[in-house]
>>> print(open('entry_25.txt').read())   # compact mmCIF, C-alpha atoms and all ligand atoms
# COMPACT_ATOMS: atom_id res chain seq x y z
CA VAL Z 6 -112.87 162.28 85.62
CA PRO Z 7 -110.60 160.59 83.05
CA ASP Z 8 -112.20 159.25 79.92
CA VAL Z 9 -111.97 155.48 80.04
CA ALA Z 10 -114.85 155.04 77.61
CA PRO Z 11 -112.81 154.21 74.47
CA LEU Z 12 -110.74 151.61 76.30
CA LEU Z 13 -113.82 150.06 77.87
CA GLU Z 14 -115.68 149.95 74.61
CA SER Z 15 -112.86 147.83 73.16
CA ALA Z 16 -112.49 145.77 76.32
CA LEU Z 17 -116.17 144.90 76.49
CA SER Z 18 -116.46 144.05 72.81
CA GLY Z 19 -113.87 141.28 72.76
CA ASP Z 20 -110.49 143.04 72.57
CA ARG Z 21 -108.48 140.98 75.07
CA ALA Z 22 -105.53 143.38 75.24
CA ALA Z 23 -107.92 146.20 76.09
CA LEU Z 24 -109.60 143.97 78.67
CA ALA Z 25 -106.24 143.33 80.31
CA ARG Z 26 -105.54 147.07 80.41
CA ALA Z 27 -108.97 147.81 81.89
CA ILE Z 28 -108.31 145.27 84.64
CA SER Z 29 -104.94 146.85 85.33
CA LEU Z 30 -106.67 150.19 85.80
CA VAL Z 31 -109.05 148.62 88.29
CA GLU Z 32 -106.17 146.98 90.14
CA ARG Z 33 -104.34 150.27 90.46
CA GLY Z 34 -107.33 151.97 92.05
CA GLY Z 35 -108.04 155.69 92.05
CA ASP Z 36 -110.20 157.74 89.67
CA ASP Z 37 -109.68 155.51 86.62
CA ALA Z 38 -110.72 152.45 88.61
CA ARG Z 39 -113.86 154.21 89.83
CA ALA Z 40 -114.73 155.27 86.29
CA VAL Z 41 -114.32 151.70 85.03
CA GLY Z 42 -116.28 150.40 88.01
CA ARG Z 43 -119.28 152.59 87.27
CA VAL Z 44 -119.53 151.39 83.68
CA VAL Z 45 -118.96 147.68 84.29
CA HIS Z 46 -121.31 147.50 87.24
CA ALA Z 47 -124.14 148.89 85.17
CA LYS Z 48 -123.47 146.39 82.37
CA GLY Z 49 -122.86 143.26 84.43
CA GLY Z 50 -125.06 140.70 86.13
CA GLY Z 51 -124.87 137.79 83.73
CA ALA Z 52 -121.81 136.00 85.10
CA TYR Z 53 -121.89 133.13 87.56
CA THR Z 54 -118.87 132.98 89.87
CA VAL Z 55 -117.21 129.85 91.19
CA GLY Z 56 -114.60 130.12 93.95
CA ILE Z 57 -111.90 127.45 94.07
CA THR Z 58 -109.84 127.39 97.21
CA GLY Z 59 -107.80 125.03 99.35
CA PRO Z 60 -104.30 124.56 100.75
CA PRO Z 61 -101.20 125.43 98.69
CA GLY Z 62 -100.49 122.81 96.05
CA ALA Z 63 -103.84 121.03 96.45
CA GLY Z 64 -104.29 121.03 92.68
CA LYS Z 65 -106.55 124.06 92.38
CA SER Z 66 -105.03 125.31 89.12
CA THR Z 67 -104.98 121.84 87.57
CA LEU Z 68 -108.64 121.48 88.51
CA THR Z 69 -109.51 124.97 87.29
CA ASP Z 70 -107.95 124.09 83.96
CA ARG Z 71 -110.24 121.05 83.76
CA LEU Z 72 -113.30 123.06 84.74
CA ILE Z 73 -112.54 125.55 81.98
CA THR Z 74 -112.77 122.66 79.52
CA GLU Z 75 -116.12 121.55 80.98
CA ALA Z 76 -117.59 125.04 80.74
CA ARG Z 77 -116.25 125.52 77.22
CA ALA Z 78 -117.91 122.29 76.12
CA SER Z 79 -121.26 124.05 76.39
CA GLY Z 80 -119.95 127.03 74.47
CA ASP Z 81 -119.83 129.34 77.46
CA GLN Z 82 -116.98 131.81 77.82
CA VAL Z 83 -114.82 131.53 80.92
CA GLY Z 84 -112.86 134.17 82.78
CA VAL Z 85 -110.36 133.02 85.41
CA LEU Z 86 -108.94 135.14 88.17
CA ALA Z 87 -106.05 133.55 90.07
CA VAL Z 88 -105.54 135.56 93.22
CA ASP Z 89 -102.04 135.15 94.54
CA PRO Z 90 -101.59 136.10 98.17
CA THR Z 91 -97.87 135.39 98.34
CA SER Z 92 -96.79 138.38 96.33
CA PRO Z 93 -93.11 138.31 97.30
CA PHE Z 94 -92.91 134.99 95.49
CA SER Z 95 -95.69 135.69 93.02
CA GLY Z 96 -93.52 135.51 89.91
CA GLY Z 97 -93.23 131.76 90.25
CA ALA Z 98 -96.76 131.06 91.35
CA ILE Z 99 -98.33 133.18 88.66
CA LEU Z 100 -96.17 131.53 86.06
CA GLY Z 101 -97.27 128.17 87.46
CA ASP Z 102 -100.93 129.09 87.04
CA ARG Z 103 -100.33 130.19 83.48
CA VAL Z 104 -98.44 127.03 82.62
CA ARG Z 105 -101.10 124.78 84.12
CA MET Z 106 -103.84 126.52 82.18
CA GLN Z 107 -101.93 126.96 78.94
CA ASP Z 108 -104.16 124.54 77.05
CA HIS Z 109 -106.59 127.41 76.85
CA ALA Z 110 -104.09 130.12 75.92
CA VAL Z 111 -105.18 130.18 72.29
CA ASP Z 112 -108.90 129.91 73.05
CA ASP Z 113 -110.58 133.29 72.61
CA GLY Z 114 -113.43 132.21 74.87
CA VAL Z 115 -111.06 131.94 77.82
CA PHE Z 116 -109.34 134.77 79.63
CA ILE Z 117 -106.94 134.05 82.47
CA ARG Z 118 -105.68 136.72 84.78
CA SER Z 119 -103.41 136.53 87.81
CA MET Z 120 -103.61 139.15 90.49
CA ALA Z 121 -101.00 139.69 93.17
CA THR Z 122 -101.94 140.90 96.59
CA ARG Z 123 -99.50 143.65 97.15
CA GLY Z 124 -100.18 147.20 96.19
CA HIS Z 125 -103.94 147.10 96.21
CA LEU Z 126 -105.41 150.24 97.62
CA GLY Z 127 -108.48 149.09 99.44
CA GLY Z 128 -107.08 145.59 99.71
CA LEU Z 129 -107.58 142.37 97.89
CA SER Z 130 -111.06 141.82 99.21
CA LEU Z 131 -112.22 145.00 97.45
CA ALA Z 132 -110.11 144.62 94.31
CA THR Z 133 -111.36 141.10 93.56
CA PRO Z 134 -115.07 141.87 93.12
CA GLU Z 135 -114.12 144.89 91.01
CA VAL Z 136 -112.09 142.74 88.63
CA VAL Z 137 -114.84 140.10 88.59
CA ARG Z 138 -117.29 142.80 87.52
CA VAL Z 139 -115.06 143.74 84.58
CA LEU Z 140 -115.10 140.10 83.43
CA ASP Z 141 -118.84 139.97 84.02
CA ALA Z 142 -119.43 143.04 81.86
CA ALA Z 143 -117.13 141.60 79.19
CA GLY Z 144 -119.64 138.77 78.78
CA PHE Z 145 -117.99 135.78 80.44
CA GLU Z 146 -120.76 133.43 81.51
CA TRP Z 147 -118.49 131.84 84.11
CA VAL Z 148 -115.88 133.52 86.28
CA LEU Z 149 -113.64 131.12 88.21
CA VAL Z 150 -111.71 132.64 91.12
CA GLU Z 151 -108.78 130.62 92.48
CA THR Z 152 -107.32 131.59 95.84
CA VAL Z 153 -105.01 129.78 98.23
CA GLY Z 154 -107.08 128.95 101.29
CA VAL Z 155 -104.67 130.31 103.85
CA GLY Z 156 -105.51 133.51 105.64
CA GLN Z 157 -108.89 134.96 106.38
CA VAL Z 158 -109.02 137.33 103.42
CA GLU Z 159 -108.26 134.65 100.84
CA VAL Z 160 -110.84 132.28 102.29
CA GLU Z 161 -113.37 135.11 102.35
CA ILE Z 162 -112.70 135.94 98.72
CA ALA Z 163 -113.35 132.38 97.59
CA GLY Z 164 -116.35 132.20 99.89
CA ALA Z 165 -117.81 135.29 98.23
CA ALA Z 166 -118.45 133.35 95.01
CA ASP Z 167 -121.88 132.06 94.00
CA THR Z 168 -120.61 128.51 94.40
CA THR Z 169 -117.48 127.74 96.42
CA VAL Z 170 -115.43 124.60 95.84
CA VAL Z 171 -112.91 123.61 98.52
CA VAL Z 172 -110.08 121.38 97.29
CA LEU Z 173 -108.31 119.10 99.77
CA ASN Z 174 -105.84 116.22 99.50
CA PRO Z 175 -105.76 112.83 101.20
CA GLY Z 176 -103.03 111.89 103.62
CA ALA Z 177 -102.18 115.39 104.75
CA GLY Z 178 -104.41 115.94 107.74
CA ASP Z 179 -106.30 118.30 105.46
CA GLY Z 180 -109.69 117.79 107.06
CA VAL Z 181 -108.79 119.24 110.41
CA GLN Z 182 -106.66 121.97 108.83
CA ALA Z 183 -109.54 122.95 106.58
CA MET Z 184 -111.87 123.23 109.52
CA LYS Z 185 -109.39 125.40 111.41
CA ALA Z 186 -108.86 127.66 108.41
CA GLY Z 187 -112.62 128.21 108.08
CA LEU Z 188 -112.66 126.41 104.73
CA LEU Z 189 -115.49 124.07 105.63
CA GLU Z 190 -117.75 126.99 106.45
CA VAL Z 191 -117.44 128.49 102.98
CA ALA Z 192 -117.58 125.18 101.10
CA ASP Z 193 -120.62 124.42 98.99
CA LEU Z 194 -118.82 121.45 97.48
CA LEU Z 195 -115.82 119.56 98.80
CA VAL Z 196 -113.31 117.96 96.50
CA ILE Z 197 -110.86 115.30 97.54
CA ASN Z 198 -108.29 115.88 94.82
CA LYS Z 199 -105.30 113.59 94.25
CA ALA Z 200 -107.68 110.73 94.97
CA ASP Z 201 -105.05 108.55 93.30
CA ARG Z 202 -103.12 108.76 96.56
CA PRO Z 203 -103.64 106.83 99.81
CA GLY Z 204 -105.87 108.15 102.56
CA VAL Z 205 -108.93 109.01 100.50
CA HIS Z 206 -111.32 106.96 102.59
CA GLU Z 207 -110.01 108.46 105.86
CA LEU Z 208 -110.34 112.04 104.61
CA GLU Z 209 -113.82 111.32 103.28
CA ARG Z 210 -114.85 109.88 106.63
CA ASP Z 211 -113.35 112.86 108.53
CA LEU Z 212 -115.04 115.40 106.28
CA LYS Z 213 -118.43 113.74 106.49
CA ALA Z 214 -118.17 113.59 110.27
CA MET Z 215 -117.27 117.28 110.47
CA LEU Z 216 -119.97 118.30 108.02
CA GLU Z 217 -122.60 116.47 110.02
CA LEU Z 218 -121.89 118.80 112.93
CA ASP Z 219 -123.43 121.61 110.88
CA ALA Z 220 -127.15 122.16 110.60
CA ASP Z 221 -127.41 121.39 106.88
CA GLY Z 222 -123.78 120.49 106.31
CA GLY Z 223 -124.46 116.82 105.93
CA THR Z 224 -126.00 117.49 102.56
CA ARG Z 225 -122.92 119.13 101.08
CA PRO Z 226 -121.38 116.87 98.45
CA VAL Z 227 -117.90 115.41 98.88
CA LEU Z 228 -116.41 114.36 95.54
CA ARG Z 229 -113.33 112.34 94.64
CA VAL Z 230 -111.26 113.78 91.82
CA VAL Z 231 -107.94 113.14 90.10
CA ALA Z 232 -107.43 116.49 88.42
CA THR Z 233 -104.30 115.45 86.52
CA ALA Z 234 -106.16 112.57 84.85
CA GLY Z 235 -109.54 114.29 84.72
CA ASP Z 236 -111.25 111.57 86.78
CA GLY Z 237 -114.33 112.84 88.56
CA VAL Z 238 -114.19 116.21 86.82
CA PRO Z 239 -117.41 115.82 84.79
CA GLU Z 240 -119.16 114.81 88.04
CA LEU Z 241 -117.76 117.90 89.79
CA TRP Z 242 -118.95 120.12 86.97
CA GLN Z 243 -122.40 118.51 87.19
CA ALA Z 244 -122.39 119.18 90.94
CA ILE Z 245 -121.53 122.83 90.35
CA VAL Z 246 -124.29 123.15 87.76
CA ALA Z 247 -126.75 121.40 90.12
CA HIS Z 248 -125.77 123.68 93.01
CA ARG Z 249 -126.32 126.69 90.81
CA ALA Z 250 -129.72 125.41 89.70
CA GLU Z 251 -130.76 124.84 93.30
CA LEU Z 252 -129.64 128.33 94.37
CA GLU Z 253 -131.57 129.84 91.48
CA ARG Z 254 -134.66 127.75 92.14
CA SER Z 255 -134.81 128.51 95.85
CA GLY Z 256 -134.00 132.20 95.55
CA ALA Z 257 -130.90 131.72 97.70
CA LEU Z 258 -128.68 133.06 94.91
CA ALA Z 259 -130.34 136.47 95.06
CA ASP Z 260 -130.04 136.43 98.87
CA ARG Z 261 -126.35 135.55 98.69
CA ARG Z 262 -125.66 138.27 96.20
CA ALA Z 263 -127.55 140.85 98.25
CA ALA Z 264 -125.60 139.84 101.35
CA ARG Z 265 -122.37 140.31 99.41
CA VAL Z 266 -123.43 143.79 98.38
CA VAL Z 267 -123.98 144.66 102.03
CA ALA Z 268 -120.59 143.23 103.03
CA GLU Z 269 -118.83 145.08 100.24
CA LEU Z 270 -120.54 148.38 101.01
CA ARG Z 271 -119.65 147.98 104.63
CA GLU Z 272 -116.01 147.36 103.81
CA ILE Z 273 -115.77 150.29 101.40
CA VAL Z 274 -117.31 152.65 103.93
CA THR Z 275 -115.18 151.31 106.78
CA ARG Z 276 -111.97 151.71 104.81
CA ARG Z 277 -112.82 155.22 103.69
CA ILE Z 278 -113.73 156.34 107.17
CA GLU Z 279 -110.59 154.73 108.53
CA ALA Z 280 -108.46 156.54 105.97
CA ARG Z 281 -110.14 159.82 106.79
CA VAL Z 282 -109.69 159.33 110.50
CA LEU Z 283 -106.01 158.54 110.14
CA ASP Z 284 -105.63 161.52 107.86
CA ALA Z 285 -107.37 163.91 110.23
CA CYS Z 286 -105.55 162.66 113.31
CA GLY Z 287 -102.06 162.74 111.92
CA SER Z 288 -99.55 162.87 114.72
CA ASP Z 289 -102.32 163.04 117.33
CA ILE Z 290 -102.45 159.26 117.20
CA GLY Z 291 -98.96 159.10 118.66
CA ARG Z 292 -99.83 161.59 121.37
CA LEU Z 293 -103.02 159.73 122.28
CA ARG Z 294 -101.13 156.46 122.39
CA ASP Z 295 -98.64 157.98 124.83
CA GLU Z 296 -101.42 159.37 127.01
CA VAL Z 297 -103.17 156.00 127.15
CA VAL Z 298 -99.91 154.16 127.84
CA ALA Z 299 -99.16 156.62 130.65
CA ARG Z 300 -102.72 156.07 131.96
CA ARG Z 301 -103.63 159.72 131.74
CA LEU Z 302 -106.39 158.75 129.30
CA ASP Z 303 -108.43 155.57 128.95
CA PRO Z 304 -108.84 154.12 125.41
CA TRP Z 305 -112.52 155.08 125.13
CA THR Z 306 -111.90 158.72 126.03
CA ALA Z 307 -108.99 158.78 123.59
CA ALA Z 308 -111.32 157.40 120.91
CA ASP Z 309 -113.83 160.17 121.72
CA GLU Z 310 -111.11 162.69 120.91
CA VAL Z 311 -110.40 161.02 117.60
CA ILE Z 312 -114.06 160.88 116.61
CA GLU Z 313 -114.47 164.52 117.54
CA ALA Z 314 -111.39 165.56 115.57
CA VAL Z 315 -112.88 164.02 112.43
CA GLY Z 316 -116.22 165.64 113.05
CA LEU Z 317 -118.08 162.39 113.52
CA SER Z 318 -119.14 162.80 117.12
N1 LIG G 1 -101.06 112.78 92.01
C1 LIG G 1 -101.77 113.85 91.70
N2 LIG G 1 -101.15 115.03 91.55
C2 LIG G 1 -101.90 116.11 91.25
C3 LIG G 1 -103.30 116.04 91.08
N3 LIG G 1 -103.76 117.27 90.81
C4 LIG G 1 -102.71 118.09 90.80
N4 LIG G 1 -101.57 117.41 91.05
C5 LIG G 1 -100.21 117.95 91.12
O1 LIG G 1 -100.08 118.77 92.27
C6 LIG G 1 -99.18 119.84 91.99
C7 LIG G 1 -99.82 121.17 92.33
O2 LIG G 1 -100.85 121.41 91.42
P1 LIG G 1 -101.49 122.87 91.20
O3 LIG G 1 -102.66 122.70 90.30
O4 LIG G 1 -100.45 123.85 90.82
O5 LIG G 1 -101.95 123.17 92.68
P2 LIG G 1 -102.49 124.57 93.24
O6 LIG G 1 -103.43 124.21 94.34
O7 LIG G 1 -103.02 125.42 92.15
O8 LIG G 1 -101.15 125.21 93.82
P3 LIG G 1 -100.96 126.72 94.37
O9 LIG G 1 -101.75 127.63 93.47
O10 LIG G 1 -99.47 126.95 94.25
O11 LIG G 1 -101.44 126.73 95.77
C8 LIG G 1 -98.79 119.73 90.54
O12 LIG G 1 -97.55 119.08 90.45
C9 LIG G 1 -99.89 118.86 89.95
O13 LIG G 1 -99.48 118.13 88.83
C10 LIG G 1 -103.93 114.74 91.23
O14 LIG G 1 -105.14 114.58 91.12
N5 LIG G 1 -103.12 113.71 91.54
MG MG G 2 -102.59 127.46 91.68
>>> encode(input="entry_25.txt", output="structure tokens")
Amino acid sequence: VPDVAPLLESALSGDRAALARAISLVERGGDDARAVGRVVHAKGGGAYTVGITGPPGAGKSTLTDRLITEARASGDQVGVLAVDPTSPFSGGAILGDRVRMQDHAVDDGVFIRSMATRGHLGGLSLATPEVVRVLDAAGFEWVLVETVGVGQVEVEIAGAADTTVVVLNPGAGDGVQAMKAGLLEVADLLVINKADRPGVHELERDLKAMLELDADGGTRPVLRVVATAGDGVPELWQAIVAHRAELERSGALADRRAARVVAELREIVTRRIEARVLDACGSDIGRLRDEVVARRLDPWTAADEVIEAVGLS
């Protein structure tokens, strides 16, 4: 096992360059990532995570920038993880995030990190909580995770936060799109951003109608915000703080976190078994495929062979 202790000691005691390097280790995966993971998991637990998701260009980064300011006003430290699913174009998007949050670039209590999708062993859904745990162990009271709400994995990542904020825009048919993308299911709070544009009332009406279809959905707040001007941002921050307080009071926060542990464990185990199976089968997969295609084997019998080959039968 490589010795990551010196790097971590620096990273967790305020050295931002070391923190960035520790996160890079985690992103790369492998033995170093596991070693970091063991240490940070043991030290974490104090951070509260807020997921911010919504369609491309909805104003998530502009809003995140504003929320950083709100959190900083109480003296809390804020870590931001901008997960970028469109890695072929990530240069631009990541730069965009940085530019939109540059007000905080010189603030030592703020750490902003972009993470591209491609190249993650174990996938984005496993890399994200690992990076969040590094920030948690480094003492950030708040960790904001921005993802574009397209694609199941990205929506799931934002939905895996303690509080999830879904950002939509008026006049874009966003309500129906959000429902289709599964965004409404993960939303604890809904934000109509760019409320300076026409169509706010219609979107609000649509959202409230859709939310009322859910058992307790009708109680989920819908807030109007103009992120560029800051209008409605203090109210949004208050709503996030109130949601947190309610989760803590009711015990639902502990339940949510426990459910996330189960989901993460399940995914880790599934991926490892899958990798082992593919490894053990090698070229047999091609042969089995041919047999099934030729109808000499049915898929279930072929699967039996695979399971047996790995020693799991
Ligand atoms: N009119 C108006 N424009 C806004 C508002 N909020 C953000 N914008 C603009 O919308 C554009 C996109 O903003 P971003 O914050 O980059 O949006 P995003 O959701 O982070 O974008 P991606 O991360 O690329 O999906 C920028 O030009 C912002 O200035 C708002 O409240 N009103
Ligand atoms: Mg953004």
>>> atom_distance(input="entry_25.txt", atom1="CA of Arg21 (chain Z)", atom2="CA of Met120 (chain Z)")
16.3 Å
>>> residues_near_ligand(input="entry_25.txt", ligand="ligand LIG 1 (chain G)", cutoff="9 Å", atoms="all atoms listed in the file", output="ChimeraX atom specification")
/Z:58-70,87-89,97-99,101-102,105,151-154,172-174,197-202,230-236
>>> atom_distance(input="entry_25.txt", atom1="CA of Glu75 (chain Z)", atom2="CA of Ala244 (chain Z)")
12.0 Å
>>> residues_around(input="entry_25.txt", residues="Gly178 (chain Z)", least_positions_apart="6", cutoff="12 Å", atoms="only C-alpha atoms", output="ChimeraX atom specification")
/Z:60,184-185,204-205,207-209,211-212
>>> atom_distance(input="entry_25.txt", atom1="CA of His206 (chain Z)", atom2="CA of Leu241 (chain Z)")
18.0 Å
>>> residues_around(input="entry_25.txt", residues="Val158 (chain Z)", least_positions_apart="2", cutoff="8 Å", atoms="all atoms listed in the file", output="list in words")
Leu129, Ser130, Gly156, Val160, Glu161 and Ile162 of chain Z
>>> write_last_selection(input="entry_25.txt", atoms="C-alpha atoms", output="PDB file, keeping the file's coordinate frame")
ATOM      1  CA  LEU Z 129    -107.580 142.370  97.890  1.00  0.00           C
ATOM      2  CA  SER Z 130    -111.060 141.820  99.210  1.00  0.00           C
ATOM      3  CA  GLY Z 156    -105.510 133.510 105.640  1.00  0.00           C
ATOM      4  CA  VAL Z 160    -110.840 132.280 102.290  1.00  0.00           C
ATOM      5  CA  GLU Z 161    -113.370 135.110 102.350  1.00  0.00           C
ATOM      6  CA  ILE Z 162    -112.700 135.940  98.720  1.00  0.00           C
TER       7      ILE Z 162
END
>>> axis_aligned_box(input="entry_25.txt", around="region 284-297 of chain Z", padding_each_side="5 Å", output="lines of an AutoDock Vina configuration file")
center_x = -103.0
center_y = 160.0
center_z = 117.5
size_x = 18.7
size_y = 17.9
size_z = 29.3
>>> closest_residue(input="entry_25.txt", among="Z:Ala110, Z:Val55, Z:Val150, Z:Gly128", to="ligand MG 2 (chain G)", atoms="all atoms listed in the file")
Z:Val150
>>> closest_residue(input="entry_25.txt", among="Z:Ser79, Z:Thr74, Z:Ser119, Z:Ser29", to="ligand MG 2 (chain G)", atoms="all atoms listed in the file")
Z:Ser119
>>> residues_around(input="entry_25.txt", residues="Ser15 (chain Z)", least_positions_apart="3", cutoff="12 Å", atoms="only C-alpha atoms", output="PyMOL selection string")
chain Z and resi 9-12+18-27+142-143
>>> residues_around(input="entry_25.txt", residues="Trp242 (chain Z)", least_positions_apart="3", cutoff="7 Å", atoms="only C-alpha atoms", output="list of chain:residue names")
Z:Leu72, Z:Glu75, Z:Val238, Z:Pro239, Z:Ile245, Z:Val246
>>> residues_around(input="entry_25.txt", residues="region 295-311 of chain Z", least_positions_apart="5", cutoff="8 Å", atoms="only C-alpha atoms", output="short mmCIF file (atom, residue, chain, number, x, y, z; two decimals) with C-alpha atoms, in the coordinates of the input")
data_model
loop_
_atom_site.label_atom_id
_atom_site.label_comp_id
_atom_site.auth_asym_id
_atom_site.auth_seq_id
_atom_site.Cartn_x
_atom_site.Cartn_y
_atom_site.Cartn_z
CA VAL Z 282 -109.69 159.33 110.50
CA CYS Z 286 -105.55 162.66 113.31
CA SER Z 318 -119.14 162.80 117.12
#
>>> closest_residue(input="entry_25.txt", among="Z:Pro134, Z:Arg71, Z:Leu140, Z:Arg43", to="Ala16 (chain Z)", atoms="all atoms listed in the file")
Z:Leu140
>>> closest_residue(input="entry_25.txt", among="Z:Phe116, Z:Gln157, Z:Glu146, Z:Ala132", to="Gly50 (chain Z)", atoms="only C-alpha atoms")
Z:Glu146
>>> closest_residue(input="entry_25.txt", among="Z:Asp81, Z:Leu216, Z:Leu194, Z:Ile273", to="Gln243 (chain Z)", atoms="only C-alpha atoms")
Z:Leu194
